[in-house]
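Coordinates from final.cif are shown below (mmCIF, C-alpha atoms).
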data_start
loop_
_atom_site.label_atom_id
_atom_site.label_comp_id
_atom_site.auth_asym_id
_atom_site.auth_seq_id
_atom_site.Cartn_x
_atom_site.Cartn_y
_atom_site.Cartn_z
CA MET A 1 -60.80 -3.19 53.09
CA SER A 2 -59.44 -3.83 49.62
CA LEU A 3 -59.84 -1.57 46.61
CA ALA A 4 -59.15 -3.03 43.17
CA SER A 5 -57.24 -1.01 40.57
CA GLY A 6 -59.25 2.11 39.83
CA GLU A 7 -61.92 1.29 42.45
CA ARG A 8 -63.41 4.12 44.52
CA LEU A 9 -65.36 4.18 47.79
CA ALA A 10 -67.61 7.18 48.48
CA PRO A 11 -69.74 6.86 51.63
CA GLU A 12 -73.20 8.38 51.35
CA GLY A 13 -73.51 11.73 53.08
CA ALA A 14 -71.12 13.38 55.47
CA ALA A 15 -69.20 11.39 58.07
CA GLU A 16 -71.20 11.28 61.30
CA GLY A 17 -68.20 10.61 63.50
CA GLU A 18 -64.48 11.06 63.14
CA ALA A 19 -62.49 8.48 61.19
CA ALA A 20 -58.92 7.44 60.46
CA LEU A 21 -57.76 5.83 57.23
CA LEU A 22 -54.45 3.93 56.97
CA VAL A 23 -52.84 2.64 53.75
CA LEU A 24 -51.53 -0.85 54.52
CA LYS A 25 -50.49 -1.81 50.98
CA GLY A 26 -50.40 -0.02 47.64
CA ALA A 27 -51.43 3.61 47.28
CA ALA A 28 -54.62 5.58 47.84
CA ARG A 29 -56.07 8.97 47.07
CA LEU A 30 -58.32 10.67 49.63
CA ARG A 31 -60.64 13.43 48.41
CA ASP A 32 -62.61 15.95 50.45
CA GLU A 33 -65.74 16.16 48.31
CA SER A 34 -66.79 19.57 49.65
CA THR A 35 -63.48 21.36 49.00
CA SER A 36 -62.02 19.18 46.24
CA ALA A 37 -58.79 18.84 48.28
CA VAL A 38 -56.88 15.70 47.24
CA LEU A 39 -54.25 13.84 49.27
CA ASP A 40 -52.16 10.97 47.89
CA GLY A 41 -50.38 8.44 50.07
CA GLY A 42 -48.58 5.12 49.97
CA GLU A 43 -47.96 2.35 52.46
CA GLY A 44 -47.87 3.66 56.03
CA CYS A 45 -49.68 6.90 55.21
CA TRP A 46 -52.71 7.74 57.35
CA TRP A 47 -55.31 10.46 57.41
CA TYR A 48 -57.66 11.80 60.06
CA ILE A 49 -61.16 12.57 58.73
CA GLU A 50 -63.14 15.11 60.75
CA PRO A 51 -66.82 14.60 61.56
CA GLY A 52 -69.08 16.20 58.96
CA THR A 53 -66.62 15.69 56.09
CA ARG A 54 -67.91 14.36 52.77
CA TRP A 55 -65.04 12.21 51.52
CA SER A 56 -64.07 9.48 49.10
CA VAL A 57 -61.04 7.25 48.69
CA GLU A 58 -59.74 5.51 45.59
CA ASN A 59 -56.94 3.20 44.59
CA ALA A 60 -54.25 5.46 43.14
CA ARG A 61 -52.47 2.67 41.26
CA ALA A 62 -53.53 0.83 38.12
CA ASP A 63 -51.37 -2.25 38.65
CA THR A 64 -52.24 -3.54 42.14
CA LYS A 65 -54.98 -3.48 44.74
CA ALA A 66 -54.86 -1.17 47.73
CA GLU A 67 -55.30 -2.54 51.25
CA LEU A 68 -56.74 0.01 53.67
CA LEU A 69 -57.75 0.10 57.31
CA LEU A 70 -60.72 2.36 58.07
CA ILE A 71 -61.51 3.14 61.71
CA ARG A 72 -64.75 5.00 62.43
CA ALA A 73 -66.02 6.43 65.68
CA ALA A 74 -69.70 6.33 66.48
CA GLY A 75 -71.50 9.48 65.37
CA GLY A 76 -73.86 11.60 67.39
CA GLN A 77 -73.73 12.87 70.93
CA GLN A 78 -72.22 10.82 73.71
CA ALA A 79 -74.12 10.42 76.99
#
Let me see the structure of the file written as structure tokens.
Amino acid sequence: MSLASGERLAPEGAAEGEAALLVLKGAARLRDESTSAVLDGGEGCWWYIEPGTRWSVENARADTKAELLLIRAAGGQQA
């Protein structure tokens, strides 16, 4: 996904399954909405997001877009 300068993505509700977020280009800021913890990262940085986390990510740079790869696992119980 691409985030323009200053753009923010905040999924509704808590994450149902685990996720991983990788910064491919630019810089991003990941925020845990329940604890207000903030992590900044540039190209090559990745984060693991635990199930049940309310999170948001934003472009941390004002001069270029951020390219991110978001991988989500299916939520709920597995049979």
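Closest approach to A:Ser36 among A:Ile49, A:Leu21, A:Trp55, A:Leu68 is made by A:Trp55 (distances from only C-alpha atoms).
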**OP:** Identify which of the residues A:Leu69, A:Val57, A:Met1, A:Ala10 lies closest to A:Arg29, counting only C-alpha atoms when measuring atom-to-atom distances.
**Re:**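 The closest residue to A:Arg29 is A:Val57.
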Subject >> Nearest-residue call for A:Asp32, choices A:Ala62, A:Ala73, A:Leu3, A:Ala15, using only C-alpha atoms >> reply: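 Among the listed residues, the smallest separation from A:Asp32 belongs to A:Ala15.
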Any chance you could work out the residue set of the PyMOL selection byres ((chain A and resi 8) around 6) here, as a PDB file with C-alpha atoms, keeping the file's coordinate frame?
ATOM      1  CA  GLU A   7     -61.920   1.290  42.450  1.00  0.00           C
ATOM      2  CA  LEU A   9     -65.360   4.180  47.790  1.00  0.00           C
ATOM      3  CA  VAL A  57     -61.040   7.250  48.690  1.00  0.00           C
ATOM      4  CA  GLU A  58     -59.740   5.510  45.590  1.00  0.00           C
TER       5      GLU A  58
END
Subject >> Using all atoms listed in the file: which of A:Gly17, A:Gly26, A:Gly52, A:Gly41 has the shortest distance to A:Arg72 >> reply: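 Smallest separation from A:Arg72 among the options: A:Gly17.
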Original post:
Pick the closest to A:Ala20 from A:Lys65, A:Leu39, A:Trp46, A:Thr53: which is it, counting all atoms listed in the file?
Top reply: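 Ranking A:Lys65, A:Leu39, A:Trp46, A:Thr53 by distance to A:Ala20, first place goes to A:Trp46.
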**OP:** Identify which of the residues A:Glu50, A:Leu22, A:Ala27, A:Val38 lies closest to A:Ile71, counting all atoms listed in the file when measuring atom-to-atom distances.
**Re:**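 The answer is A:Leu22, which sits nearest to A:Ile71.
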**OP:** To one decimal in Å, tell me the separation between atom CA of A:Arg54 and atom CA of A:Glu12.
**Re:**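 Calculated distance between atom CA of A:Arg54 and atom CA of A:Glu12 is 8.1 Å.
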**OP:** Mind giving me the straight-line distance from atom CA of A:Lys25 to atom CA of A:Gly42 in Å, one decimal?
**Re:**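 Taking atom CA of A:Lys25 as the start and atom CA of A:Gly42 as the end point, the length is 7.3 Å.
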